[in-house]
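Engineer: So here's work_37.cif, just mmCIF, C-alpha atoms:
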```
data_target
loop_
_atom_site.group_PDB
_atom_site.id
_atom_site.type_symbol
_atom_site.label_atom_id
_atom_site.label_comp_id
_atom_site.auth_asym_id
_atom_site.auth_seq_id
_atom_site.Cartn_x
_atom_site.Cartn_y
_atom_site.Cartn_z
ATOM 1 C CA MET A 1 -49.404 -79.002 -68.820
ATOM 2 C CA ARG A 2 -47.029 -77.404 -66.340
ATOM 3 C CA THR A 3 -45.265 -79.859 -64.056
ATOM 4 C CA THR A 4 -45.167 -79.415 -60.293
ATOM 5 C CA ASP A 5 -41.856 -78.875 -58.505
ATOM 6 C CA ASP A 6 -41.931 -82.464 -57.230
ATOM 7 C CA GLU A 7 -42.509 -83.784 -60.746
ATOM 8 C CA PHE A 8 -39.686 -81.642 -62.149
ATOM 9 C CA ILE A 9 -37.305 -82.850 -59.410
ATOM 10 C CA ALA A 10 -38.211 -86.480 -60.135
ATOM 11 C CA ILE A 11 -37.615 -86.040 -63.865
ATOM 12 C CA TRP A 12 -34.328 -84.227 -63.271
ATOM 13 C CA ASN A 13 -33.098 -86.943 -60.890
ATOM 14 C CA LYS A 14 -33.893 -89.543 -63.545
ATOM 15 C CA TYR A 15 -31.987 -87.891 -66.405
ATOM 16 C CA HIS A 16 -29.563 -85.381 -64.745
ATOM 17 C CA SER A 17 -29.490 -83.421 -67.995
ATOM 18 C CA ALA A 18 -31.165 -80.147 -68.987
ATOM 19 C CA LYS A 19 -31.314 -81.293 -72.606
ATOM 20 C CA ARG A 20 -33.054 -84.587 -71.774
ATOM 21 C CA VAL A 21 -35.484 -82.895 -69.356
ATOM 22 C CA ALA A 22 -36.325 -80.338 -72.061
ATOM 23 C CA GLU A 23 -37.100 -83.167 -74.479
ATOM 24 C CA VAL A 24 -39.301 -85.001 -71.966
ATOM 25 C CA LEU A 25 -41.251 -81.874 -71.033
ATOM 26 C CA ASP A 26 -41.223 -80.486 -74.583
ATOM 27 C CA ILE A 27 -39.932 -77.078 -73.478
ATOM 28 C CA ASP A 28 -36.936 -74.893 -74.307
ATOM 29 C CA VAL A 29 -33.721 -75.919 -72.543
ATOM 30 C CA ARG A 30 -33.336 -72.356 -71.242
ATOM 31 C CA ASN A 31 -36.599 -72.782 -69.368
ATOM 32 C CA VAL A 32 -35.230 -75.960 -67.819
ATOM 33 C CA HIS A 33 -32.145 -74.130 -66.565
ATOM 34 C CA SER A 34 -34.299 -71.332 -65.110
ATOM 35 C CA ARG A 35 -36.659 -73.785 -63.416
ATOM 36 C CA ARG A 36 -33.764 -75.834 -62.012
ATOM 37 C CA LYS A 37 -32.139 -72.722 -60.570
ATOM 38 C CA ALA A 38 -35.405 -71.510 -59.009
ATOM 39 C CA ILE A 39 -36.104 -74.901 -57.413
ATOM 40 C CA GLN A 40 -32.577 -75.154 -56.007
ATOM 41 C CA GLU A 41 -32.959 -71.730 -54.404
ATOM 42 C CA ARG A 42 -36.494 -72.383 -53.161
ATOM 43 C CA TYR A 43 -35.708 -75.677 -51.444
ATOM 44 C CA SER A 44 -31.964 -75.232 -50.758
ATOM 45 C CA ILE A 45 -31.168 -78.406 -52.680
ATOM 46 C CA THR A 46 -28.807 -79.332 -55.507
ATOM 47 C CA LEU A 47 -30.109 -80.938 -58.685
ATOM 48 C CA VAL A 48 -26.919 -82.682 -59.752
ATOM 49 C CA ALA A 49 -25.989 -82.739 -63.436
ATOM 50 C CA SER A 50 -24.309 -85.725 -65.073
ATOM 51 C CA ASP A 51 -22.018 -83.367 -66.975
ATOM 52 C CA VAL A 52 -18.778 -83.117 -64.999
ATOM 53 C CA ARG A 53 -18.447 -79.558 -66.285
ATOM 54 C CA SER A 54 -21.342 -78.588 -64.003
ATOM 55 C CA PRO A 55 -19.604 -78.295 -60.607
ATOM 56 C CA THR A 56 -21.402 -78.234 -57.295
ATOM 57 C CA PHE A 57 -22.519 -74.873 -55.984
ATOM 58 C CA ASN A 58 -25.084 -74.848 -53.224
ATOM 59 C CA VAL A 59 -26.080 -72.335 -50.535
ATOM 60 C CA THR A 60 -28.009 -73.474 -47.464
ATOM 61 C CA MET A 61 -29.579 -70.729 -45.377
ATOM 62 C CA PRO A 62 -29.827 -71.252 -41.603
ATOM 63 C CA GLY A 63 -33.161 -71.420 -39.857
ATOM 64 C CA ASN A 64 -31.805 -69.354 -36.959
ATOM 65 C CA GLY A 65 -30.192 -66.740 -39.244
ATOM 66 C CA ILE A 66 -26.669 -67.347 -37.939
ATOM 67 C CA ARG A 67 -24.453 -69.543 -40.144
ATOM 68 C CA ALA A 68 -25.079 -70.043 -43.855
ATOM 69 C CA LYS A 69 -23.308 -72.962 -45.526
ATOM 70 C CA VAL A 70 -21.823 -72.910 -49.021
ATOM 71 C CA GLU A 71 -20.598 -75.858 -51.077
ATOM 72 C CA ILE A 72 -18.516 -74.849 -54.082
ATOM 73 C CA ASP A 73 -16.211 -76.979 -56.232
ATOM 74 C CA ASP A 74 -14.856 -74.384 -58.649
ATOM 75 C CA GLY A 75 -15.480 -70.665 -58.820
ATOM 76 C CA VAL A 76 -14.976 -67.247 -57.323
ATOM 77 C CA ILE A 77 -16.446 -65.529 -54.278
ATOM 78 C CA MET A 78 -15.881 -61.765 -54.142
ATOM 79 C CA VAL A 79 -15.867 -60.330 -50.619
ATOM 80 C CA ALA A 80 -16.098 -56.628 -49.753
ATOM 81 C CA SER A 81 -16.790 -55.081 -46.387
ATOM 82 C CA ASP A 82 -17.133 -51.850 -44.463
ATOM 83 C CA CYS A 83 -18.698 -49.929 -47.324
ATOM 84 C CA HIS A 84 -20.220 -47.338 -44.958
ATOM 85 C CA TYR A 85 -22.066 -45.993 -48.000
ATOM 86 C CA TYR A 86 -22.566 -42.236 -47.726
ATOM 87 C CA PRO A 87 -24.981 -40.050 -49.707
ATOM 88 C CA GLY A 88 -23.453 -38.602 -52.871
ATOM 89 C CA ILE A 89 -20.117 -40.438 -52.581
ATOM 90 C CA ILE A 90 -18.991 -43.289 -54.837
ATOM 91 C CA SER A 91 -15.581 -44.602 -53.787
ATOM 92 C CA THR A 92 -12.832 -45.819 -56.085
ATOM 93 C CA ALA A 93 -12.974 -49.271 -54.481
ATOM 94 C CA HIS A 94 -16.699 -49.532 -55.127
ATOM 95 C CA LYS A 95 -16.191 -48.603 -58.785
ATOM 96 C CA ALA A 96 -13.481 -51.261 -59.066
ATOM 97 C CA PHE A 97 -15.682 -53.874 -57.404
ATOM 98 C CA VAL A 98 -18.468 -53.234 -59.901
ATOM 99 C CA LYS A 99 -16.012 -53.138 -62.816
ATOM 100 C CA LEU A 100 -14.399 -56.494 -61.978
ATOM 101 C CA ILE A 101 -17.624 -58.446 -61.422
ATOM 102 C CA PRO A 102 -18.240 -59.164 -65.144
ATOM 103 C CA GLU A 103 -14.586 -60.165 -65.578
ATOM 104 C CA LEU A 104 -14.349 -62.468 -62.549
ATOM 105 C CA LYS A 105 -17.884 -63.870 -62.923
ATOM 106 C CA PRO A 106 -18.274 -64.721 -59.217
ATOM 107 C CA LYS A 107 -20.612 -67.479 -58.096
ATOM 108 C CA MET A 108 -21.257 -65.439 -54.962
ATOM 109 C CA ILE A 109 -20.847 -61.852 -53.786
ATOM 110 C CA VAL A 110 -20.523 -61.207 -50.069
ATOM 111 C CA MET A 111 -20.834 -57.803 -48.459
ATOM 112 C CA ASN A 112 -19.096 -58.696 -45.212
ATOM 113 C CA GLY A 113 -20.737 -56.258 -42.817
ATOM 114 C CA ASP A 114 -21.093 -52.521 -42.263
ATOM 115 C CA VAL A 115 -22.658 -51.749 -45.611
ATOM 116 C CA PHE A 116 -24.923 -49.345 -43.706
ATOM 117 C CA ASP A 117 -23.118 -46.818 -41.493
ATOM 118 C CA GLY A 118 -25.915 -45.535 -39.262
ATOM 119 C CA ALA A 119 -24.166 -42.316 -38.308
ATOM 120 C CA SER A 120 -27.297 -40.606 -37.000
ATOM 121 C CA VAL A 121 -28.358 -43.620 -34.904
ATOM 122 C CA SER A 122 -24.922 -44.266 -33.428
ATOM 123 C CA ARG A 123 -24.373 -44.326 -29.670
ATOM 124 C CA HIS A 124 -21.581 -41.812 -30.292
ATOM 125 C CA ASP A 125 -22.468 -38.097 -30.145
ATOM 126 C CA PRO A 126 -21.856 -35.891 -33.216
ATOM 127 C CA ILE A 127 -18.590 -33.967 -33.274
ATOM 128 C CA GLY A 128 -19.432 -30.315 -32.608
ATOM 129 C CA TRP A 129 -22.037 -29.137 -35.122
ATOM 130 C CA GLN A 130 -21.257 -31.948 -37.538
ATOM 131 C CA SER A 131 -24.087 -32.559 -40.001
ATOM 132 C CA LEU A 132 -24.925 -36.240 -40.313
ATOM 133 C CA PRO A 133 -26.995 -37.945 -43.017
ATOM 134 C CA SER A 134 -30.402 -39.259 -41.990
ATOM 135 C CA VAL A 135 -31.262 -42.953 -41.959
ATOM 136 C CA LYS A 136 -33.399 -42.363 -45.055
ATOM 137 C CA GLN A 137 -30.486 -40.777 -46.912
ATOM 138 C CA GLU A 138 -28.167 -43.608 -45.940
ATOM 139 C CA LEU A 139 -30.660 -46.278 -46.992
ATOM 140 C CA GLU A 140 -31.013 -44.569 -50.362
ATOM 141 C CA ALA A 141 -27.224 -44.479 -50.769
ATOM 142 C CA CYS A 142 -26.974 -48.193 -49.893
ATOM 143 C CA THR A 143 -29.762 -49.004 -52.340
ATOM 144 C CA ASP A 144 -28.095 -47.061 -55.171
ATOM 145 C CA ARG A 145 -24.698 -48.698 -54.674
ATOM 146 C CA LEU A 146 -26.074 -52.221 -54.199
ATOM 147 C CA ASN A 147 -28.245 -51.793 -57.293
ATOM 148 C CA GLU A 148 -25.028 -51.201 -59.249
ATOM 149 C CA ILE A 149 -23.561 -54.424 -57.852
ATOM 150 C CA GLU A 150 -26.766 -56.337 -58.586
ATOM 151 C CA SER A 151 -26.849 -55.083 -62.182
ATOM 152 C CA ALA A 152 -23.227 -56.094 -62.754
ATOM 153 C CA SER A 153 -23.494 -59.505 -61.099
ATOM 154 C CA LYS A 154 -26.550 -60.908 -62.924
ATOM 155 C CA SER A 155 -26.513 -64.543 -61.730
ATOM 156 C CA ALA A 156 -24.313 -64.397 -58.609
ATOM 157 C CA LYS A 157 -25.742 -65.244 -55.197
ATOM 158 C CA LEU A 158 -25.956 -62.038 -53.147
ATOM 159 C CA HIS A 159 -25.169 -62.316 -49.445
ATOM 160 C CA TRP A 160 -24.773 -59.807 -46.596
ATOM 161 C CA THR A 161 -23.251 -60.708 -43.229
ATOM 162 C CA TRP A 162 -24.234 -58.550 -40.288
ATOM 163 C CA GLY A 163 -21.754 -55.887 -39.185
ATOM 164 C CA ASN A 164 -21.884 -53.905 -35.960
ATOM 165 C CA HIS A 165 -22.879 -50.757 -37.878
ATOM 166 C CA ASP A 166 -25.631 -52.604 -39.765
ATOM 167 C CA LEU A 167 -27.112 -53.671 -36.444
ATOM 168 C CA ARG A 168 -27.547 -50.031 -35.412
ATOM 169 C CA PHE A 169 -30.679 -49.888 -37.579
ATOM 170 C CA ASN A 170 -32.536 -52.708 -35.819
ATOM 171 C CA THR A 171 -31.075 -51.945 -32.395
ATOM 172 C CA ARG A 172 -32.215 -48.327 -32.364
ATOM 173 C CA LEU A 173 -35.745 -49.250 -33.447
ATOM 174 C CA ALA A 174 -36.005 -52.090 -30.935
ATOM 175 C CA SER A 175 -34.776 -49.872 -28.097
ATOM 176 C CA GLN A 176 -37.234 -47.103 -28.958
ATOM 177 C CA VAL A 177 -40.436 -49.027 -29.657
ATOM 178 C CA GLY A 178 -39.833 -52.346 -27.943
ATOM 179 C CA THR A 179 -41.590 -55.364 -29.442
ATOM 180 C CA ALA A 180 -44.727 -53.468 -30.492
ATOM 181 C CA PHE A 181 -43.539 -53.075 -34.111
ATOM 182 C CA GLU A 182 -41.700 -56.397 -34.415
ATOM 183 C CA GLY A 183 -42.488 -58.005 -37.753
ATOM 184 C CA VAL A 184 -43.825 -54.804 -39.325
ATOM 185 C CA LYS A 185 -42.327 -54.447 -42.806
ATOM 186 C CA GLY A 186 -39.596 -51.840 -42.923
ATOM 187 C CA MET A 187 -38.595 -52.186 -39.278
ATOM 188 C CA ASN A 188 -35.806 -54.650 -40.130
ATOM 189 C CA LEU A 189 -32.826 -53.685 -42.301
ATOM 190 C CA THR A 190 -33.391 -56.835 -44.348
ATOM 191 C CA ASP A 191 -36.779 -55.501 -45.519
ATOM 192 C CA HIS A 192 -35.063 -52.779 -47.538
ATOM 193 C CA PHE A 193 -32.775 -55.124 -49.512
ATOM 194 C CA PRO A 194 -34.932 -58.033 -50.700
ATOM 195 C CA ARG A 195 -32.411 -59.476 -53.163
ATOM 196 C CA TRP A 196 -29.815 -60.039 -50.440
ATOM 197 C CA LYS A 197 -29.670 -62.970 -48.029
ATOM 198 C CA PHE A 198 -28.570 -62.126 -44.485
ATOM 199 C CA SER A 199 -26.719 -64.170 -41.876
ATOM 200 C CA THR A 200 -24.129 -63.681 -39.152
ATOM 201 C CA SER A 201 -21.551 -65.818 -40.930
ATOM 202 C CA ILE A 202 -20.907 -68.051 -43.945
ATOM 203 C CA MET A 203 -18.963 -71.315 -43.820
ATOM 204 C CA VAL A 204 -17.592 -72.334 -47.218
ATOM 205 C CA ASN A 205 -16.696 -75.998 -47.780
ATOM 206 C CA ASP A 206 -16.261 -76.433 -44.013
ATOM 207 C CA HIS A 207 -12.873 -74.712 -44.189
ATOM 208 C CA THR A 208 -13.433 -71.002 -44.919
ATOM 209 C CA MET A 209 -15.342 -68.866 -42.424
ATOM 210 C CA ILE A 210 -16.599 -65.474 -43.640
ATOM 211 C CA LYS A 211 -17.883 -63.106 -40.956
ATOM 212 C CA HIS A 212 -17.619 -59.426 -40.119
ATOM 213 C CA ARG A 213 -15.318 -59.607 -37.111
ATOM 214 C CA TYR A 214 -13.557 -61.916 -34.685
ATOM 215 C CA HIS A 215 -10.310 -60.825 -33.004
ATOM 216 C CA ASN A 216 -9.094 -57.215 -32.833
ATOM 217 C CA GLY A 217 -5.682 -55.613 -32.978
ATOM 218 C CA ILE A 218 -2.743 -55.619 -35.353
ATOM 219 C CA HIS A 219 -2.451 -59.426 -35.266
ATOM 220 C CA ALA A 220 -6.189 -60.038 -35.696
ATOM 221 C CA VAL A 221 -6.091 -62.072 -38.924
ATOM 222 C CA TYR A 222 -3.221 -64.209 -37.583
ATOM 223 C CA ASN A 223 -5.156 -64.926 -34.390
ATOM 224 C CA ASN A 224 -8.366 -65.521 -36.326
ATOM 225 C CA THR A 225 -7.043 -68.396 -38.412
ATOM 226 C CA LEU A 226 -4.736 -69.749 -35.705
ATOM 227 C CA LYS A 227 -7.534 -70.093 -33.139
ATOM 228 C CA ALA A 228 -10.377 -70.978 -35.492
ATOM 229 C CA GLY A 229 -8.549 -73.839 -37.191
ATOM 230 C CA THR A 230 -9.917 -72.677 -40.554
ATOM 231 C CA SER A 231 -9.315 -69.873 -43.000
ATOM 232 C CA VAL A 232 -11.148 -66.800 -41.685
ATOM 233 C CA VAL A 233 -12.222 -63.825 -43.801
ATOM 234 C CA THR A 234 -13.186 -60.728 -41.816
ATOM 235 C CA GLY A 235 -13.708 -57.001 -42.220
ATOM 236 C CA HIS A 236 -14.165 -54.451 -39.414
ATOM 237 C CA LEU A 237 -10.503 -53.391 -39.078
ATOM 238 C CA HIS A 238 -10.152 -51.976 -42.620
ATOM 239 C CA SER A 239 -6.550 -53.162 -42.943
ATOM 240 C CA LEU A 240 -6.759 -55.219 -46.208
ATOM 241 C CA LYS A 241 -4.189 -57.973 -45.823
ATOM 242 C CA VAL A 242 -3.649 -61.729 -45.986
ATOM 243 C CA THR A 243 -1.731 -63.683 -43.339
ATOM 244 C CA PRO A 244 -1.120 -67.394 -44.051
ATOM 245 C CA TRP A 245 -0.671 -70.032 -41.360
ATOM 246 C CA THR A 246 0.734 -73.503 -42.018
ATOM 247 C CA ASP A 247 0.819 -76.496 -39.689
ATOM 248 C CA TYR A 248 0.481 -80.293 -39.920
ATOM 249 C CA ASN A 249 -2.978 -79.804 -41.428
ATOM 250 C CA GLY A 250 -1.691 -77.677 -44.307
ATOM 251 C CA SER A 251 -2.069 -73.986 -45.091
ATOM 252 C CA ARG A 252 -4.958 -71.704 -44.235
ATOM 253 C CA TYR A 253 -5.422 -67.962 -44.449
ATOM 254 C CA GLY A 254 -6.462 -65.024 -42.324
ATOM 255 C CA VAL A 255 -7.931 -62.337 -44.569
ATOM 256 C CA ASP A 256 -8.900 -58.758 -43.758
ATOM 257 C CA THR A 257 -11.026 -57.435 -46.621
ATOM 258 C CA GLY A 258 -10.225 -53.777 -45.934
ATOM 259 C CA THR A 259 -12.888 -51.165 -46.587
ATOM 260 C CA LEU A 260 -14.851 -50.425 -49.732
ATOM 261 C CA CYS A 261 -15.064 -46.729 -48.861
ATOM 262 C CA ASP A 262 -12.483 -43.956 -49.013
ATOM 263 C CA VAL A 263 -10.256 -44.274 -45.933
ATOM 264 C CA ASN A 264 -10.318 -40.478 -45.582
ATOM 265 C CA GLY A 265 -14.053 -40.181 -46.154
ATOM 266 C CA ASN A 266 -16.596 -38.254 -44.102
ATOM 267 C CA GLN A 267 -17.485 -41.452 -42.271
ATOM 268 C CA PHE A 268 -14.196 -41.330 -40.365
ATOM 269 C CA GLU A 269 -14.088 -37.740 -39.106
ATOM 270 C CA TYR A 270 -14.119 -39.144 -35.575
ATOM 271 C CA SER A 271 -10.476 -40.218 -36.096
ATOM 272 C CA GLU A 272 -9.376 -36.586 -35.586
ATOM 273 C CA ASP A 273 -7.048 -36.696 -38.617
ATOM 274 C CA ASN A 274 -4.779 -39.302 -37.001
ATOM 275 C CA PRO A 275 -2.878 -41.727 -39.260
ATOM 276 C CA LYS A 276 -4.872 -44.883 -39.886
ATOM 277 C CA ASN A 277 -3.584 -48.314 -40.846
ATOM 278 C CA HIS A 278 -6.499 -48.620 -43.271
ATOM 279 C CA ARG A 279 -6.525 -49.596 -46.933
ATOM 280 C CA SER A 280 -9.355 -49.390 -49.401
ATOM 281 C CA GLY A 281 -10.130 -52.463 -51.505
ATOM 282 C CA PHE A 282 -11.610 -55.964 -51.333
ATOM 283 C CA ALA A 283 -10.748 -59.682 -51.496
ATOM 284 C CA VAL A 284 -11.209 -62.347 -54.152
ATOM 285 C CA LEU A 285 -11.507 -65.999 -53.068
ATOM 286 C CA THR A 286 -10.970 -68.626 -55.755
ATOM 287 C CA TYR A 287 -11.845 -72.301 -55.269
ATOM 288 C CA VAL A 288 -10.512 -75.184 -57.356
ATOM 289 C CA ASP A 289 -11.739 -78.724 -56.654
ATOM 290 C CA GLY A 290 -13.180 -77.382 -53.422
ATOM 291 C CA HIS A 291 -9.858 -75.986 -52.199
ATOM 292 C CA LEU A 292 -9.194 -72.311 -51.472
ATOM 293 C CA LEU A 293 -6.314 -70.884 -53.504
ATOM 294 C CA PRO A 294 -4.199 -68.139 -51.884
ATOM 295 C CA PRO A 295 -6.656 -65.212 -51.529
ATOM 296 C CA GLU A 296 -6.122 -62.171 -53.749
ATOM 297 C CA LEU A 297 -6.542 -58.517 -52.851
ATOM 298 C CA CYS A 298 -7.597 -55.584 -54.994
ATOM 299 C CA GLN A 299 -6.245 -52.349 -53.486
ATOM 300 C CA VAL A 300 -6.898 -48.717 -54.344
ATOM 301 C CA TRP A 301 -3.823 -47.001 -55.796
ATOM 302 C CA ASP A 302 -5.165 -43.496 -56.377
ATOM 303 C CA ASP A 303 -8.483 -41.805 -57.130
ATOM 304 C CA ASP A 304 -8.703 -43.431 -60.564
ATOM 305 C CA HIS A 305 -6.806 -46.725 -60.283
ATOM 306 C CA VAL A 306 -6.637 -49.964 -58.327
ATOM 307 C CA VAL A 307 -3.940 -52.630 -58.189
ATOM 308 C CA PHE A 308 -5.013 -56.180 -58.972
ATOM 309 C CA ARG A 309 -2.980 -59.159 -60.137
ATOM 310 C CA GLY A 310 0.085 -57.015 -60.734
ATOM 311 C CA GLN A 311 -1.643 -54.452 -62.909
ATOM 312 C CA LEU A 312 -2.896 -50.895 -62.488
ATOM 313 C CA ILE A 313 -6.530 -50.862 -63.541
ATOM 314 C CA LYS A 314 -8.329 -47.633 -64.339
ATOM 315 C CA VAL A 315 -11.868 -47.376 -62.933
#
```
Go ahead and express the file in the form of structure tokens.

Structural biologist:
Amino acid sequence: MRTTDDEFIAIWNKYHSAKRVAEVLDIDVRNVHSRRKAIQERYSITLVASDVRSPTFNVTMPGNGIRAKVEIDDGVIMVASDCHYYPGIISTAHKAFVKLIPELKPKMIVMNGDVFDGASVSRHDPIGWQSLPSVKQELEACTDRLNEIESASKSAKLHWTWGNHDLRFNTRLASQVGTAFEGVKGMNLTDHFPRWKFSTSIMVNDHTMIKHRYHNGIHAVYNNTLKAGTSVVTGHLHSLKVTPWTDYNGSRYGVDTGTLCDVNGNQFEYSEDNPKNHRSGFAVLTYVDGHLLPPELCQVWDDDHVVFRGQLIKV
């Protein structure tokens, strides 16, 4: 007879072991692991294991959709941002991101805003007779690229923080139709990406804030961590860099995760061919005993290679 969730939780809390629970319920231990994972996700709880090799990893989603909370003892969180996915274009940074997922085995993958570009629903007018992709074409491009990430990640938690470009989708619809279509499936960007959890920000272990943007300007990441009092991981400015700050409380980091798209791509024609302090790549956050190690960057070197951990990697 199949146990209820409450019964499974009670049995788990008695034994704290997948093997013992499997014996009690007379089921395969793999089924116990699957059930435990599903219950943890469904109720945003942690079913603690007695085995010290099973570190804490828990994600709590906010009721108001603003700040998600993550508890992680040991593991990796990969953070990419500003993908601005465009129909028919697969960037070098995106290929590298997908390639490194199986190697790094992240507990969580965060797309830190502006996955969707929204060129045709922007408040900015087209340049001359510039041809822009439709919302449908952009959604299809986002779906294709995120499907590649999903396939590579397997068990990682998938999270998307809102970027200003992402919000163009909902904002344009709300401004055109008002509240009449609120709640209708498809009218919210989240409806199109069911495997991804959305929030404005993510706080990891109460000392690492991940969000799309905070301060602007050349000293943005310095100001972010200085004024926030925590490590702050942002996108938006496409600059791909890490700035540490140390005081009486220890060291923390300001991180700009760069852009996952080509810095000279069609998405940026508005820049009028001016030089841009942009770099294509992403960030890797590693936690040991709950502490954030110095963040690492993966940066595009040329059309076929990225630089990561002192090596040129072909993608």

Engineer: Return as a list in words the set of residues that the PyMOL selection byres ((chain A and resi 96) around 9) yields on the displayed structure.

Structural biologist: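 With the shown file as input, the PyMOL selection byres ((chain A and resi 96) around 9) matches Ser91, Thr92, Ala93, His94, Lys95, Phe97, Val98, Lys99, Leu100, Ile101, Gly281, Cys298, Val300, His305, Val306, Ile313, Lys314 and Val315 of chain A.
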
Engineer: For the atom pair atom CA of Leu146 of chain A and atom CA of Glu103 of chain A, what is the interatomic distance in Å to one decimal place?

Structural biologist: 18.0 Å

Engineer: For Val221 of chain A, list every protein, DNA or RNA residue within 9 Å, evaluated using only C-alpha atoms, and leave out those in the same chain fewer than 3 positions away; present the list as a short mmCIF file (atom, residue, chain, number, x, y, z; two decimals) with C-alpha atoms, in the frame of the given file.

Structural biologist:
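Wrote out17.cif, looks like this:
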```
data_model
loop_
_atom_site.label_atom_id
_atom_site.label_comp_id
_atom_site.auth_asym_id
_atom_site.auth_seq_id
_atom_site.Cartn_x
_atom_site.Cartn_y
_atom_site.Cartn_z
CA TYR A 214 -13.56 -61.92 -34.68
CA HIS A 215 -10.31 -60.82 -33.00
CA ASN A 216 -9.09 -57.22 -32.83
CA GLY A 217 -5.68 -55.61 -32.98
CA ILE A 218 -2.74 -55.62 -35.35
CA ASN A 224 -8.37 -65.52 -36.33
CA THR A 225 -7.04 -68.40 -38.41
CA LEU A 226 -4.74 -69.75 -35.70
CA VAL A 232 -11.15 -66.80 -41.68
CA VAL A 233 -12.22 -63.82 -43.80
CA THR A 234 -13.19 -60.73 -41.82
CA LYS A 241 -4.19 -57.97 -45.82
CA VAL A 242 -3.65 -61.73 -45.99
CA THR A 243 -1.73 -63.68 -43.34
CA PRO A 244 -1.12 -67.39 -44.05
CA TYR A 253 -5.42 -67.96 -44.45
CA GLY A 254 -6.46 -65.02 -42.32
CA VAL A 255 -7.93 -62.34 -44.57
CA ASP A 256 -8.90 -58.76 -43.76
#
```

Engineer: Can you work out the spacing between atom CA of Phe308 of chain A and atom CA of Arg279 of chain A in Å, to one decimal?

Structural biologist: 13.8 Å

Engineer: For the provided coordinates, the residues matched by the PyMOL selection byres ((chain A and resi 137) around 12) should be stated as number ranges by chain.

Structural biologist: A: 85-89, 116-120, 132-136, 138-144

Engineer: Run the PyMOL selection byres ((chain A and resi 111) around 8) on the file and write out the hits as a list in words.

Structural biologist: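 Applying the expression gives Val79, Ala80, Ser81, Ile109, Val110, Asn112, Gly113, Val115, His159, Trp160 and Thr161 of chain A.
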
Engineer: For a quick check of understanding, using all atoms listed in the file, which of A:His192, A:Lys105, A:Lys154, A:Lys276 has the smallest distance to Phe169 of chain A?

Structural biologist: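 Answer, going by the shortest atom-to-atom distance: A:His192.
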
Engineer: Atom CA of Arg36 of chain A and atom CA of Glu148 of chain A, how far apart in Å?

Structural biologist: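 Computed distance, atom CA of Glu148 of chain A to atom CA of Arg36 of chain A, equals 26.3 Å.
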
Engineer: Using only C-alpha atoms, which protein or nucleic acid residues come within 12 Å of Tyr15 of chain A? Drop anything in the same chain fewer than 3 positions from it, and give the result as a list in words.

Structural biologist: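 The residues that qualify are Phe8, Ile9, Ala10, Ile11, Trp12, Ala18, Lys19, Arg20, Val21, Ala22, Glu23, Val24, Leu25, Leu47, Val48, Ala49, Ser50 and Asp51 of chain A.
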
Engineer: Hey, can you spit out that residue selection with C-alpha atoms as a PDB file, keeping the file's coordinate frame?

Structural biologist:
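Result saved to result-v5.pdb:
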```pdb
ATOM      1  CA  PHE A   8     -39.686 -81.642 -62.149  1.00  0.00           C
ATOM      2  CA  ILE A   9     -37.305 -82.850 -59.410  1.00  0.00           C
ATOM      3  CA  ALA A  10     -38.211 -86.480 -60.135  1.00  0.00           C
ATOM      4  CA  ILE A  11     -37.615 -86.040 -63.865  1.00  0.00           C
ATOM      5  CA  TRP A  12     -34.328 -84.227 -63.271  1.00  0.00           C
ATOM      6  CA  ALA A  18     -31.165 -80.147 -68.987  1.00  0.00           C
ATOM      7  CA  LYS A  19     -31.314 -81.293 -72.606  1.00  0.00           C
ATOM      8  CA  ARG A  20     -33.054 -84.587 -71.774  1.00  0.00           C
ATOM      9  CA  VAL A  21     -35.484 -82.895 -69.356  1.00  0.00           C
ATOM     10  CA  ALA A  22     -36.325 -80.338 -72.061  1.00  0.00           C
ATOM     11  CA  GLU A  23     -37.100 -83.167 -74.479  1.00  0.00           C
ATOM     12  CA  VAL A  24     -39.301 -85.001 -71.966  1.00  0.00           C
ATOM     13  CA  LEU A  25     -41.251 -81.874 -71.033  1.00  0.00           C
ATOM     14  CA  LEU A  47     -30.109 -80.938 -58.685  1.00  0.00           C
ATOM     15  CA  VAL A  48     -26.919 -82.682 -59.752  1.00  0.00           C
ATOM     16  CA  ALA A  49     -25.989 -82.739 -63.436  1.00  0.00           C
ATOM     17  CA  SER A  50     -24.309 -85.725 -65.073  1.00  0.00           C
ATOM     18  CA  ASP A  51     -22.018 -83.367 -66.975  1.00  0.00           C
TER      19      ASP A  51
END
```

Engineer: Residues at most 7 Å from Gly163 of chain A, counting only C-alpha atoms, excluding those fewer than 4 positions away in the same chain, as JSON, numbers by chain?

Structural biologist: {"A": [113, 114, 167, 212]}

Engineer: Hey, which of A:Thr179, A:Ile39, A:Lys157, A:Gly186 ends up closest to Glu7 of chain A? Count only C-alpha atoms.

Structural biologist: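 Closest to Glu7 of chain A, using only C-alpha atoms: A:Ile39.
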
Engineer: Quick one: of A:Lys211, A:His291, A:Arg195, A:Arg30, who's nearest to Asp74 of chain A, counting all atoms listed in the file?

Structural biologist: A:His291

Engineer: For Asp289 of chain A, list every protein, DNA or RNA residue within 10 Å, evaluated using all atoms listed in the file, and leave out those in the same chain fewer than 5 positions away; present the list as a list of chain:residue names.

Structural biologist: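 My reading of the contact set: A:Pro55, A:Thr56, A:Ile72, A:Asp73, A:Asp74, A:Gly75.
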